[in-house]
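Here's entry_2.txt, which has compact mmCIF, C-alpha atoms and all ligand atoms:
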# COMPACT_ATOMS: atom_id res chain seq x y z
CA MET A 5 5.65 4.27 -31.21
CA PRO A 6 2.93 5.71 -33.46
CA LYS A 7 3.49 9.02 -35.14
CA PHE A 8 2.04 11.51 -32.70
CA GLU A 9 -0.07 14.37 -34.04
CA VAL A 10 -0.74 17.83 -32.63
CA GLY A 11 -4.53 18.12 -32.95
CA GLN A 12 -7.12 17.00 -30.43
CA ALA A 13 -8.47 14.41 -32.88
CA PHE A 14 -5.36 12.34 -32.18
CA ALA A 15 -6.01 12.37 -28.41
CA ASP A 16 -9.65 11.42 -29.06
CA SER A 17 -8.71 8.47 -31.23
CA MET A 18 -6.10 7.26 -28.74
CA ASP A 19 -8.67 7.33 -25.94
CA GLU A 20 -11.24 5.55 -28.09
CA ASN A 21 -8.81 2.77 -28.90
CA ASP A 22 -7.47 2.42 -25.37
CA SER A 23 -8.29 -1.04 -24.02
CA LEU A 24 -7.59 0.12 -20.45
CA ALA A 25 -9.89 3.17 -20.65
CA GLY A 26 -12.52 1.44 -18.50
CA TYR A 27 -10.25 1.46 -15.44
CA ARG A 28 -10.54 5.22 -15.03
CA ASP A 29 -14.04 4.70 -13.65
CA GLN A 30 -12.65 2.35 -11.04
CA PHE A 31 -10.81 5.25 -9.38
CA LEU A 32 -12.05 8.28 -7.46
CA ILE A 33 -10.70 11.37 -9.16
CA PRO A 34 -10.44 14.70 -7.29
CA ARG A 35 -12.60 17.46 -8.75
CA LYS A 36 -12.07 21.11 -9.55
CA SER A 37 -14.30 23.70 -7.86
CA SER A 38 -16.42 23.64 -11.05
CA GLY A 39 -17.20 19.99 -10.35
CA GLU A 40 -15.30 18.67 -13.36
CA PRO A 41 -12.59 16.09 -12.73
CA ALA A 42 -9.17 17.62 -12.19
CA ILE A 43 -6.20 16.49 -14.26
CA TYR A 44 -4.47 14.32 -11.69
CA PHE A 45 -0.83 13.85 -12.75
CA LEU A 46 0.45 13.06 -9.26
CA GLY A 47 0.21 9.28 -9.08
CA ASN A 48 3.97 9.48 -8.45
CA SER A 49 3.19 11.10 -5.11
CA LEU A 50 -0.11 9.58 -3.98
CA GLY A 51 -1.96 7.17 -6.25
CA LEU A 52 -5.74 7.58 -6.41
CA GLN A 53 -8.27 5.60 -4.46
CA PRO A 54 -9.71 2.50 -6.14
CA ARG A 55 -13.50 2.43 -5.71
CA THR A 56 -13.22 -1.08 -4.30
CA ALA A 57 -10.78 -0.03 -1.54
CA ARG A 58 -13.54 1.15 0.78
CA GLU A 59 -15.45 -2.13 0.41
CA ARG A 60 -12.38 -4.16 1.21
CA LEU A 61 -11.64 -1.95 4.21
CA GLU A 62 -15.21 -2.37 5.43
CA GLU A 63 -14.85 -6.13 5.18
CA VAL A 64 -11.91 -5.93 7.56
CA MET A 65 -13.92 -3.74 9.94
CA LEU A 66 -16.72 -6.30 9.81
CA GLU A 67 -14.31 -9.14 10.49
CA TRP A 68 -13.05 -7.25 13.52
CA GLU A 69 -16.63 -6.58 14.63
CA ARG A 70 -17.71 -10.18 14.18
CA TRP A 71 -14.73 -12.14 15.38
CA GLY A 72 -12.53 -9.86 17.45
CA VAL A 73 -9.06 -11.34 17.81
CA GLU A 74 -10.23 -14.59 16.21
CA ALA A 75 -10.12 -12.76 12.87
CA PHE A 76 -6.36 -13.42 12.87
CA SER A 77 -7.12 -17.10 12.33
CA THR A 78 -10.73 -17.16 11.05
CA GLY A 79 -12.49 -16.69 7.75
CA GLU A 80 -11.35 -16.95 4.17
CA LYS A 81 -8.54 -14.46 4.68
CA PRO A 82 -7.17 -14.87 8.19
CA TRP A 83 -5.20 -11.76 9.10
CA THR A 84 -2.16 -13.78 10.15
CA GLN A 85 -1.56 -14.71 6.53
CA TYR A 86 -2.84 -11.50 4.97
CA SER A 87 0.55 -10.00 4.14
CA GLU A 88 1.87 -13.26 2.66
CA THR A 89 -1.28 -13.61 0.55
CA LEU A 90 -0.56 -10.23 -0.97
CA SER A 91 3.04 -11.26 -1.68
CA GLU A 92 1.56 -13.52 -4.36
CA ARG A 93 0.10 -10.48 -6.10
CA MET A 94 3.02 -8.18 -5.42
CA ALA A 95 5.65 -10.62 -6.73
CA PRO A 96 4.85 -10.46 -10.48
CA ILE A 97 4.88 -6.66 -10.36
CA MET A 98 8.42 -6.79 -8.98
CA GLY A 99 9.65 -9.72 -11.09
CA ALA A 100 10.16 -11.72 -7.92
CA LYS A 101 9.11 -15.00 -6.35
CA PRO A 102 6.40 -14.61 -3.71
CA SER A 103 8.79 -15.76 -0.98
CA GLU A 104 11.19 -12.96 -1.95
CA VAL A 105 8.60 -10.26 -1.28
CA ILE A 106 7.01 -9.00 1.92
CA LEU A 107 4.75 -6.05 2.74
CA MET A 108 5.55 -4.51 6.11
CA ASN A 109 6.27 -1.23 7.93
CA SER A 110 6.97 1.67 5.61
CA LEU A 111 9.68 2.43 3.10
CA SER A 112 12.22 4.34 5.19
CA VAL A 113 11.88 1.92 8.09
CA ASN A 114 12.44 -1.00 5.72
CA MET A 115 15.46 0.79 4.33
CA HIS A 116 17.03 0.81 7.79
CA LEU A 117 16.17 -2.85 8.37
CA MET A 118 17.70 -3.81 5.05
CA PHE A 119 20.83 -1.72 5.62
CA ILE A 120 21.34 -3.50 8.96
CA SER A 121 21.45 -6.76 7.04
CA PHE A 122 23.09 -5.72 3.78
CA TYR A 123 25.33 -2.75 4.49
CA ARG A 124 28.10 -4.49 6.31
CA PRO A 125 31.16 -2.31 6.03
CA ILE A 126 34.61 -3.73 6.69
CA LYS A 127 37.95 -1.96 6.80
CA GLN A 128 38.79 -2.14 3.09
CA ARG A 129 35.21 -2.04 1.84
CA TYR A 130 32.87 0.46 3.46
CA LYS A 131 31.77 2.95 0.81
CA VAL A 132 28.30 3.41 -0.66
CA LEU A 133 27.63 4.47 -4.22
CA ILE A 134 24.49 6.60 -4.67
CA GLU A 135 23.10 8.86 -7.38
CA GLU A 136 23.14 12.62 -7.25
CA LYS A 137 19.85 14.02 -5.91
CA THR A 138 18.97 10.94 -3.95
CA PHE A 139 15.70 11.27 -2.09
CA PRO A 140 16.33 12.88 1.34
CA SER A 141 15.19 9.86 3.36
CA ASP A 142 17.76 7.72 1.55
CA GLN A 143 20.50 10.21 2.38
CA TYR A 144 19.48 10.41 6.04
CA ALA A 145 19.12 6.66 6.40
CA LEU A 146 22.49 5.97 4.81
CA LYS A 147 24.40 8.67 6.65
CA SER A 148 22.95 7.65 10.00
CA GLN A 149 23.79 4.00 9.30
CA MET A 150 27.35 5.02 8.51
CA ARG A 151 27.67 6.97 11.76
CA PHE A 152 26.16 3.98 13.57
CA HIS A 153 29.08 1.92 12.20
CA GLY A 154 31.56 4.64 13.19
CA ILE A 155 32.10 5.70 9.59
CA ASP A 156 32.33 9.27 8.34
CA PRO A 157 29.73 9.83 5.58
CA GLU A 158 31.94 12.55 4.04
CA ASP A 159 34.49 9.88 3.33
CA ALA A 160 32.21 6.98 2.56
CA LEU A 161 29.51 8.35 0.24
CA ILE A 162 30.31 8.35 -3.47
CA GLU A 163 27.84 10.36 -5.57
CA LEU A 164 27.24 9.59 -9.23
CA LYS A 165 26.92 12.77 -11.24
CA THR A 166 25.77 13.68 -14.71
CA ARG A 167 28.34 14.94 -17.19
CA PRO A 168 28.40 18.74 -17.52
CA ASP A 169 25.43 19.92 -19.64
CA GLU A 170 23.73 16.54 -19.42
CA THR A 171 20.65 15.79 -17.35
CA SER A 172 20.89 12.06 -16.78
CA ILE A 173 23.64 9.77 -15.60
CA ARG A 174 25.08 7.52 -18.28
CA THR A 175 25.10 3.82 -17.52
CA GLU A 176 28.61 3.49 -18.93
CA ASP A 177 29.80 6.14 -16.47
CA ILE A 178 28.26 4.17 -13.62
CA GLU A 179 30.02 1.04 -14.85
CA THR A 180 33.33 2.89 -15.08
CA ILE A 181 33.11 4.14 -11.49
CA ILE A 182 32.18 0.67 -10.25
CA GLU A 183 35.11 -0.80 -12.16
CA ARG A 184 37.49 1.82 -10.72
CA LYS A 185 36.28 2.06 -7.14
CA GLY A 186 34.32 -1.18 -6.68
CA ASP A 187 36.88 -2.81 -4.39
CA THR A 188 36.12 -0.21 -1.71
CA ILE A 189 32.34 -0.17 -2.25
CA ALA A 190 30.27 -2.20 0.19
CA LEU A 191 26.89 -1.17 -1.21
CA ILE A 192 25.47 0.28 -4.42
CA TRP A 193 22.19 2.01 -3.55
CA LEU A 194 20.23 3.69 -6.32
CA GLY A 195 16.66 4.82 -6.84
CA GLY A 196 15.30 2.47 -9.52
CA ILE A 197 13.81 5.64 -10.94
CA ASN A 198 15.18 8.90 -9.60
CA TYR A 199 12.33 10.86 -8.04
CA TYR A 200 13.62 14.18 -9.34
CA SER A 201 14.77 13.61 -12.92
CA GLY A 202 12.59 10.59 -13.66
CA GLN A 203 15.62 8.65 -14.95
CA ALA A 204 15.22 4.88 -14.76
CA PHE A 205 18.50 3.17 -14.10
CA GLU A 206 19.48 0.07 -16.05
CA MET A 207 19.25 -2.13 -13.00
CA GLY A 208 20.24 -5.40 -14.65
CA ARG A 209 23.46 -3.98 -16.07
CA ILE A 210 24.37 -2.07 -12.92
CA THR A 211 23.72 -5.05 -10.67
CA LYS A 212 25.97 -7.20 -12.84
CA ALA A 213 28.75 -4.61 -12.78
CA GLY A 214 28.46 -4.32 -9.00
CA HIS A 215 28.55 -8.06 -8.40
CA ARG A 216 31.60 -8.41 -10.63
CA LYS A 217 33.43 -6.25 -8.10
CA GLY A 218 31.93 -7.95 -5.05
CA CYS A 219 29.52 -5.14 -4.09
CA VAL A 220 26.04 -5.67 -2.66
CA VAL A 221 23.44 -4.02 -4.89
CA GLY A 222 20.06 -2.68 -3.74
CA TYR A 223 17.41 -0.29 -5.04
CA ASP A 224 14.83 2.12 -3.69
CA LEU A 225 11.91 1.37 -6.00
CA ALA A 226 9.46 3.98 -4.67
CA HIS A 227 9.08 5.40 -8.18
CA ALA A 228 9.51 2.16 -10.09
CA ALA A 229 7.04 -0.22 -8.43
CA GLY A 230 3.88 -0.41 -10.52
CA ASN A 231 5.40 1.99 -13.05
CA ILE A 232 7.91 -0.02 -15.07
CA PRO A 233 8.34 -3.79 -15.48
CA LEU A 234 10.95 -5.13 -13.06
CA LYS A 235 12.92 -8.37 -12.92
CA LEU A 236 14.46 -8.26 -9.48
CA HIS A 237 14.96 -12.01 -9.28
CA ASP A 238 16.55 -12.46 -12.70
CA TRP A 239 18.69 -9.35 -12.32
CA GLN A 240 20.03 -10.91 -9.11
CA VAL A 241 19.30 -7.73 -7.17
CA ASP A 242 20.28 -8.40 -3.55
CA PHE A 243 17.51 -6.43 -1.89
CA ALA A 244 15.05 -3.62 -2.57
CA VAL A 245 12.40 -1.51 -0.86
CA TRP A 246 9.43 0.48 -2.15
CA CYS A 247 6.25 2.15 -1.01
CA THR A 248 2.78 1.17 -2.14
CA TYR A 249 1.04 4.55 -2.05
CA LYS A 250 2.48 5.97 -5.27
CA TYR A 251 1.86 4.00 -8.47
CA LEU A 252 0.45 1.07 -6.51
CA ASN A 253 -2.50 3.12 -5.15
CA GLY A 254 -2.35 1.46 -1.74
CA GLY A 255 -3.47 4.53 0.19
CA PRO A 256 -1.64 7.20 2.20
CA ALA A 257 1.30 5.77 4.17
CA GLY A 258 0.22 2.27 3.15
CA PRO A 259 2.45 -0.73 3.79
CA GLY A 260 6.05 -0.68 2.57
CA GLY A 261 7.40 -3.38 0.27
CA CYS A 262 10.60 -5.29 0.68
CA PHE A 263 12.50 -7.72 -1.57
CA VAL A 264 15.24 -10.06 -0.44
CA HIS A 265 16.74 -12.28 -3.14
CA GLU A 266 16.39 -15.97 -2.45
CA ASN A 267 20.18 -16.18 -2.45
CA HIS A 268 20.01 -14.47 0.95
CA GLY A 269 16.56 -15.35 2.24
CA SER A 270 17.57 -18.57 3.95
CA LEU A 271 21.01 -17.58 5.22
CA THR A 272 21.23 -17.74 8.97
CA ASP A 273 24.41 -15.70 9.38
CA ILE A 274 22.89 -12.42 8.19
CA PRO A 275 22.50 -9.97 11.04
CA ARG A 276 18.98 -8.65 11.31
CA PHE A 277 16.70 -7.01 13.79
CA GLU A 278 14.23 -9.68 14.79
CA GLY A 279 10.63 -9.65 15.96
CA TRP A 280 7.96 -12.27 16.55
CA TRP A 281 6.19 -11.73 13.22
CA GLY A 282 9.34 -12.83 11.36
CA ASN A 283 9.20 -16.15 13.15
CA ARG A 284 7.87 -19.11 11.13
CA LEU A 285 4.09 -19.25 11.35
CA GLU A 286 4.19 -22.89 12.46
CA THR A 287 6.05 -22.01 15.65
CA ARG A 288 5.19 -18.32 16.03
CA PHE A 289 2.52 -18.79 18.63
CA LEU A 290 4.46 -21.31 20.68
CA MET A 291 6.08 -18.20 22.14
CA GLN A 292 9.55 -19.71 22.30
CA PRO A 293 12.53 -17.61 23.37
CA ASP A 294 14.64 -18.40 20.26
CA PHE A 295 13.90 -16.93 16.86
CA ASP A 296 12.95 -19.44 14.17
CA PRO A 297 12.99 -17.31 11.00
CA THR A 298 10.49 -17.58 8.18
CA PRO A 299 12.54 -18.47 5.09
CA GLY A 300 12.60 -15.61 2.58
CA ALA A 301 11.74 -11.95 2.93
CA GLY A 302 9.03 -12.74 5.51
CA GLY A 303 11.78 -13.43 8.03
CA TRP A 304 12.45 -9.69 8.23
CA GLN A 305 8.99 -8.91 9.60
CA ILE A 306 9.03 -7.54 13.12
CA SER A 307 5.51 -6.53 14.10
CA CYS A 308 2.15 -7.95 13.33
CA ALA A 309 0.90 -6.66 9.96
CA SER A 310 -2.12 -4.33 9.96
CA PRO A 311 -5.09 -5.60 7.94
CA LEU A 312 -6.36 -2.03 7.87
CA THR A 313 -3.47 -0.88 5.72
CA LEU A 314 -3.33 -4.04 3.61
CA ALA A 315 -7.03 -3.89 2.65
CA PRO A 316 -6.95 -0.86 0.30
CA LEU A 317 -3.77 -2.17 -1.28
CA GLU A 318 -5.41 -5.50 -1.96
CA ALA A 319 -8.13 -3.70 -3.92
CA SER A 320 -5.55 -2.01 -6.11
CA LEU A 321 -3.36 -5.08 -6.60
CA ALA A 322 -6.39 -6.88 -8.03
CA PHE A 323 -6.28 -4.43 -10.98
CA PHE A 324 -2.57 -5.06 -11.50
CA GLU A 325 -3.27 -8.76 -11.53
CA GLU A 326 -6.03 -8.36 -14.12
CA VAL A 327 -4.04 -6.15 -16.47
CA GLY A 328 -0.40 -7.13 -15.90
CA MET A 329 2.62 -4.86 -16.15
CA THR A 330 3.19 -5.47 -19.88
CA LYS A 331 -0.13 -3.97 -20.99
CA LEU A 332 0.04 -1.23 -18.40
CA ARG A 333 3.50 -0.26 -19.51
CA ALA A 334 2.52 -0.25 -23.19
CA LYS A 335 -0.13 2.41 -22.53
CA SER A 336 2.18 4.27 -20.19
CA GLU A 337 4.93 4.52 -22.82
CA LEU A 338 2.43 5.89 -25.33
CA MET A 339 1.03 8.50 -22.95
CA THR A 340 4.42 9.68 -21.78
CA GLY A 341 5.76 9.73 -25.34
CA TYR A 342 2.75 11.81 -26.39
CA LEU A 343 3.25 14.18 -23.45
CA GLU A 344 6.90 14.62 -24.38
CA PHE A 345 6.00 15.21 -28.03
CA LEU A 346 3.42 17.90 -27.17
CA ILE A 347 5.70 19.66 -24.69
CA ASN A 348 8.52 19.79 -27.22
CA GLN A 349 6.02 20.96 -29.83
CA THR A 350 5.39 24.15 -27.83
CA LYS A 351 8.98 25.20 -28.67
CA SER A 352 8.83 27.39 -25.59
CA ASP A 353 12.04 28.85 -24.20
CA ARG A 354 10.50 28.81 -20.71
CA PHE A 355 11.21 25.14 -20.03
CA THR A 356 12.97 21.96 -21.14
CA ILE A 357 12.49 18.30 -20.28
CA ILE A 358 15.26 16.75 -18.18
CA THR A 359 13.90 13.20 -18.17
CA PRO A 360 15.70 10.86 -20.61
CA ARG A 361 14.26 10.64 -24.13
CA ASP A 362 14.79 6.89 -24.31
CA PRO A 363 11.60 5.17 -23.06
CA ASN A 364 13.77 2.42 -21.57
CA GLN A 365 15.37 4.97 -19.30
CA ARG A 366 12.24 6.44 -17.81
CA GLY A 367 8.85 5.53 -16.39
CA CYS A 368 5.73 7.61 -16.86
CA GLN A 369 7.04 10.75 -15.16
CA ILE A 370 8.34 13.74 -17.10
CA SER A 371 10.37 16.34 -15.20
CA ILE A 372 10.27 19.79 -16.72
CA ARG A 373 13.02 22.24 -15.84
CA THR A 374 11.80 25.82 -15.94
CA HIS A 375 14.18 28.57 -16.97
CA TYR A 376 12.40 31.60 -15.60
CA GLU A 377 9.22 32.28 -13.66
CA GLY A 378 8.88 28.55 -13.10
CA LYS A 379 6.82 28.92 -9.98
CA GLY A 380 4.45 31.15 -11.96
CA LEU A 381 3.94 28.42 -14.53
CA TYR A 382 3.34 25.91 -11.77
CA GLU A 383 0.72 28.20 -10.19
CA GLN A 384 -0.90 28.63 -13.61
CA LEU A 385 -1.19 24.85 -13.96
CA LYS A 386 -2.64 24.50 -10.49
CA GLU A 387 -5.21 27.19 -11.16
CA ALA A 388 -6.27 25.37 -14.33
CA GLY A 389 -7.00 22.27 -12.24
CA VAL A 390 -3.81 20.30 -12.90
CA TYR A 391 -2.30 18.30 -10.05
CA CYS A 392 1.46 18.35 -10.60
CA ASP A 393 4.26 19.28 -8.24
CA TRP A 394 7.11 21.69 -7.83
CA ARG A 395 10.52 20.47 -6.76
CA GLU A 396 13.09 23.06 -5.76
CA PRO A 397 14.88 24.74 -7.32
CA ASP A 398 13.17 24.74 -10.73
CA VAL A 399 11.41 21.50 -11.67
CA ILE A 400 7.76 20.66 -12.34
CA ARG A 401 7.00 16.93 -12.22
CA VAL A 402 4.07 15.41 -14.09
CA ALA A 403 3.13 11.75 -14.26
CA PRO A 404 0.27 10.52 -16.47
CA VAL A 405 -0.76 7.19 -15.00
CA PRO A 406 -2.12 4.49 -17.34
CA PHE A 407 -4.83 3.26 -14.95
CA TYR A 408 -6.69 6.55 -14.65
CA ASN A 409 -5.31 9.26 -16.94
CA THR A 410 -6.35 9.90 -20.53
CA PHE A 411 -4.70 11.12 -23.71
CA ASN A 412 -7.12 14.04 -23.67
CA GLU A 413 -5.79 15.12 -20.29
CA VAL A 414 -2.28 15.09 -21.72
CA TYR A 415 -3.55 17.20 -24.60
CA GLN A 416 -5.23 19.70 -22.26
CA PHE A 417 -2.11 19.89 -20.12
CA ALA A 418 0.01 20.79 -23.15
CA LYS A 419 -2.51 23.49 -24.13
CA ILE A 420 -2.01 25.13 -20.74
CA MET A 421 1.76 24.88 -21.05
CA GLU A 422 1.56 26.60 -24.43
CA LYS A 423 0.04 29.79 -23.02
CA ASP A 424 2.59 32.47 -22.31
C1 LIG A 501 8.33 8.55 -1.66
C2 LIG A 501 9.69 8.13 -1.36
C3 LIG A 501 10.07 7.72 -0.08
C4 LIG A 501 9.08 7.83 1.07
O1 LIG A 501 9.44 7.14 2.22
P1 LIG A 501 8.38 6.79 3.36
O2 LIG A 501 9.17 6.08 4.34
O3 LIG A 501 7.30 5.98 2.71
O4 LIG A 501 7.80 8.07 3.88
C5 LIG A 501 11.36 7.26 0.11
N1 LIG A 501 12.24 7.20 -0.90
C6 LIG A 501 11.91 7.62 -2.16
C7 LIG A 501 12.91 7.55 -3.26
C8 LIG A 501 10.64 8.10 -2.41
O5 LIG A 501 10.32 8.52 -3.63
Could I get this structure in the form of structure tokens?
Amino acid sequence: MPKFEVGQAFADSMDENDSLAGYRDQFLIPRKSSGEPAIYFLGNSLGLQPRTARERLEEVMLEWERWGVEAFSTGEKPWTQYSETLSERMAPIMGAKPSEVILMNSLSVNMHLMFISFYRPIKQRYKVLIEEKTFPSDQYALKSQMRFHGIDPEDALIELKTRPDETSIRTEDIETIIERKGDTIALIWLGGINYYSGQAFEMGRITKAGHRKGCVVGYDLAHAAGNIPLKLHDWQVDFAVWCTYKYLNGGPAGPGGCFVHENHGSLTDIPRFEGWWGNRLETRFLMQPDFDPTPGAGGWQISCASPLTLAPLEASLAFFEEVGMTKLRAKSELMTGYLEFLINQTKSDRFTIITPRDPNQRGCQISIRTHYEGKGLYEQLKEAGVYCDWREPDVIRVAPVPFYNTFNEVYQFAKIMEKD
């Protein structure tokens, strides 16, 4: 980390020396009423539109116009293979093999499909370990799955908590609980990065600890995909899901992502909910009554994949392919470190950061806990043209994104925070 400095000259020099600065122009940035670009720090909620997304979408519309249903099997990019083609680009972002990755449905739906296969409670082992403040959809999905199995969520959910007066969950505490209660835990289900606090869990270590006790380990990577480097294959993660409309800029309610480790991808005794699109391509259109699964994550597909939702994502994934997660992350760490430095520099008693200080335990998001009049501060930011969000009861989330945010925007944000 460089030594950060308070003046604007530092932000200017960081922007001048930023090798990714050119990508900002590749994205459409919302504007303030004055016409100037807003400070968009909400890539953790909806990533911005790549300029090339519209072109790619129009190509699909043209293919439809020109070929009708034949477009599924015609042209350079037949729609039948569209999702699998994007697995090639998605895989390096997730640290996975292409066959371990599939884009389909949406996140919460994929969560249910994965739980059907990987949450398989038995009498002595039926509990699920989650983190405190899990995203609501994760809670609902898990609790409804438990009831579906005739299990009482009150009894079966184990919540990881922070120690009193601490704001993130210590990895050693997670390991201790797994060691103590692991024999009764069927599934460990954590957000790779918690949406509220911004804490990134040490997925490799936690997965290892879980496997030592015979637990299945999966992650909701909504806030991790495209944000931090991942090694799902090497970490031996059993399965994972994510969305593509946050850091991956795939467009509102774009396709969900799903990872199934190759250890499981070819097993035939895993229960799953089947559909024709999961059938091997070679025999899919023979319309046979018995399911012949695609090996790997693709075998979990149910419905035909929509080229209309894959097209904008393809445009964005091309940037990820060009830049790679290592370079993207290097800029991201700098921007977030700078943001943290400037916020702490204000020495305000109105707020404190709850996201871990250690860059290895966070992505680009910083969560700021307000101590009084927090909503007022949030309104003040909004009025000044900052896109950030408010999470009840008292947190403002901001996420400078390396593809389209600048060090100057971080500087301007801190200036607004400084005002009393
Ligand atoms: C954004 C988000 C979701 C959203 O789920 P959808 O099914 O895409 O609406 C789910 N889980 C987490 C942790 C999220 O951050």
### Task
Kindly give the distance, in Å, that separates atom CA of A:Leu385 and atom CA of A:Tyr44, rounded to a single decimal.
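Taking atom CA of A:Leu385 as the start and atom CA of A:Tyr44 as the end point, the length is 11.3 Å.
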Each residue of stretch 230-317 of chain A with at least one atom at most 9 Å from stretch 114-128 of chain A should appear once, together with its nearest atom pair and the corresponding distance in Å (one decimal); atoms considered: all atoms listed in the file; ordering: chain, then increasing residue number; output as JSON lines.
{"residue": "A:Asp242", "atom": "CA", "partner": "A:Phe122", "partner_atom": "CA", "distance": 8.3}
{"residue": "A:Phe243", "atom": "CA", "partner": "A:Met118", "partner_atom": "CA", "distance": 7.4}
{"residue": "A:Ala244", "atom": "CA", "partner": "A:Met118", "partner_atom": "CA", "distance": 8.1}
{"residue": "A:Val245", "atom": "CA", "partner": "A:Met115", "partner_atom": "CA", "distance": 6.4}
{"residue": "A:Trp246", "atom": "CA", "partner": "A:Asn114", "partner_atom": "CA", "distance": 8.6}
{"residue": "A:Gly260", "atom": "CA", "partner": "A:Asn114", "partner_atom": "CA", "distance": 7.1}
{"residue": "A:Gly261", "atom": "CA", "partner": "A:Asn114", "partner_atom": "CA", "distance": 7.8}
{"residue": "A:Cys262", "atom": "CA", "partner": "A:Asn114", "partner_atom": "CA", "distance": 6.9}
{"residue": "A:Val264", "atom": "CA", "partner": "A:Met118", "partner_atom": "CA", "distance": 8.7}
{"residue": "A:Ile274", "atom": "CA", "partner": "A:Ser121", "partner_atom": "CA", "distance": 6.0}
{"residue": "A:Pro275", "atom": "CA", "partner": "A:Ser121", "partner_atom": "CA", "distance": 5.2}
{"residue": "A:Arg276", "atom": "CA", "partner": "A:Ser121", "partner_atom": "CA", "distance": 5.3}
{"residue": "A:Phe277", "atom": "CA", "partner": "A:Leu117", "partner_atom": "CA", "distance": 6.9}
{"residue": "A:Trp304", "atom": "CA", "partner": "A:Leu117", "partner_atom": "CA", "distance": 7.8}
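The residue set within 12 Å of A:Phe76, counting only C-alpha atoms and dropping same-chain residues fewer than 6 places from it, reads Val64, Glu67, Trp68, Arg70, Pro82, Trp83, Thr84, Gln85, Tyr86, Ser87, Phe289, Cys308, Ala309, Ser310 and Pro311 of chain A.
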Within 7 Å of ligand LIG 501 (chain A), counting all atoms listed in the file, residues as a short mmCIF file (atom, residue, chain, number, x, y, z; two decimals) with C-alpha atoms, in the coordinates of the input:
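So the final result, stored in part.cif, reads:
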data_model
loop_
_atom_site.label_atom_id
_atom_site.label_comp_id
_atom_site.auth_asym_id
_atom_site.auth_seq_id
_atom_site.Cartn_x
_atom_site.Cartn_y
_atom_site.Cartn_z
CA SER A 49 3.19 11.10 -5.11
CA SER A 110 6.97 1.67 5.61
CA LEU A 111 9.68 2.43 3.10
CA SER A 112 12.22 4.34 5.19
CA VAL A 113 11.88 1.92 8.09
CA THR A 138 18.97 10.94 -3.95
CA PHE A 139 15.70 11.27 -2.09
CA SER A 141 15.19 9.86 3.36
CA ASP A 142 17.76 7.72 1.55
CA GLY A 195 16.66 4.82 -6.84
CA ASN A 198 15.18 8.90 -9.60
CA TYR A 199 12.33 10.86 -8.04
CA ASP A 224 14.83 2.12 -3.69
CA LEU A 225 11.91 1.37 -6.00
CA ALA A 226 9.46 3.98 -4.67
CA HIS A 227 9.08 5.40 -8.18
CA CYS A 247 6.25 2.15 -1.01
CA ALA A 257 1.30 5.77 4.17
CA GLY A 260 6.05 -0.68 2.57
#
Show me, as CSV, the residues of stretch 281-351 of chain A having an atom within 8 Å of stretch 364-371 of chain A, each with the closest atom pair and its distance in Å, using only C-alpha atoms.
residue,atom,partner,partner_atom,distance
A:Ser336,CA,A:Cys368,CA,5.9
A:Glu337,CA,A:Cys368,CA,6.8
A:Met339,CA,A:Cys368,CA,7.7
A:Thr340,CA,A:Cys368,CA,5.5
A:Glu344,CA,A:Ile370,CA,7.5
### Exercise: stretch 174-191 of chain A partners within 9 Å, only C-alpha atoms, chain neighbours under 5 positions left out, as JSON, numbers by chain
{"A": [122, 123, 124, 125, 126, 127, 128, 129, 130, 131, 132, 133, 134, 160, 162, 164, 165, 166, 167, 205, 206, 209, 210, 213, 214, 216, 217, 218, 219, 220, 221, 222]}
#### Entry: Counting all atoms listed in the file, the residue of A:Arg373, A:Asp29, A:Ala229, A:Lys335 that sits nearest A:Met5
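Residue with the minimum atom-to-atom distance to A:Met5: A:Lys335.
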Might you pull out every residue within 10 Å of A:Pro34, with all atoms listed in the file counted and same-chain residues fewer than 5 positions away left off, and present them as a PDB file with C-alpha atoms, keeping the file's coordinate frame?
ATOM      1  CA  GLY A  39     -17.200  19.990 -10.350  1.00  0.00           C
ATOM      2  CA  GLU A  40     -15.300  18.670 -13.360  1.00  0.00           C
ATOM      3  CA  PRO A  41     -12.590  16.090 -12.730  1.00  0.00           C
ATOM      4  CA  ALA A  42      -9.170  17.620 -12.190  1.00  0.00           C
ATOM      5  CA  ILE A  43      -6.200  16.490 -14.260  1.00  0.00           C
ATOM      6  CA  TYR A  44      -4.470  14.320 -11.690  1.00  0.00           C
ATOM      7  CA  LEU A  52      -5.740   7.580  -6.410  1.00  0.00           C
ATOM      8  CA  GLN A  53      -8.270   5.600  -4.460  1.00  0.00           C
ATOM      9  CA  GLY A 389      -7.000  22.270 -12.240  1.00  0.00           C
ATOM     10  CA  TYR A 391      -2.300  18.300 -10.050  1.00  0.00           C
TER      11      TYR A 391
END
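For the pair atom CA of A:Glu325 and atom CA of A:Ala15, the separation is 27.2 Å.
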### Message
Restricting the calculation to all atoms listed in the file: of A:Ala57, A:Met291, A:Leu346, A:Ile192, which residue gets closest to A:Leu146?
### Response
A:Ile192
### Query
What does the distance between atom CA of A:Arg58 and atom CA of A:Leu252 come to in Å, to one decimal place?
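Atom-to-atom, atom CA of A:Arg58 and atom CA of A:Leu252 are spaced 15.8 Å apart.
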#### Entry: Residue with smallest distance to A:Glu136 - pool A:Thr78, A:Ser103, A:Ser172, A:Asn21, counting only C-alpha atoms
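Using only C-alpha atoms, A:Glu136 sits closest to A:Ser172.
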### Message
Restricting the calculation to all atoms listed in the file: of A:Trp394, A:Gly269, A:Lys379, A:Ala315, which residue gets closest to A:Glu63?
### Response
A:Ala315
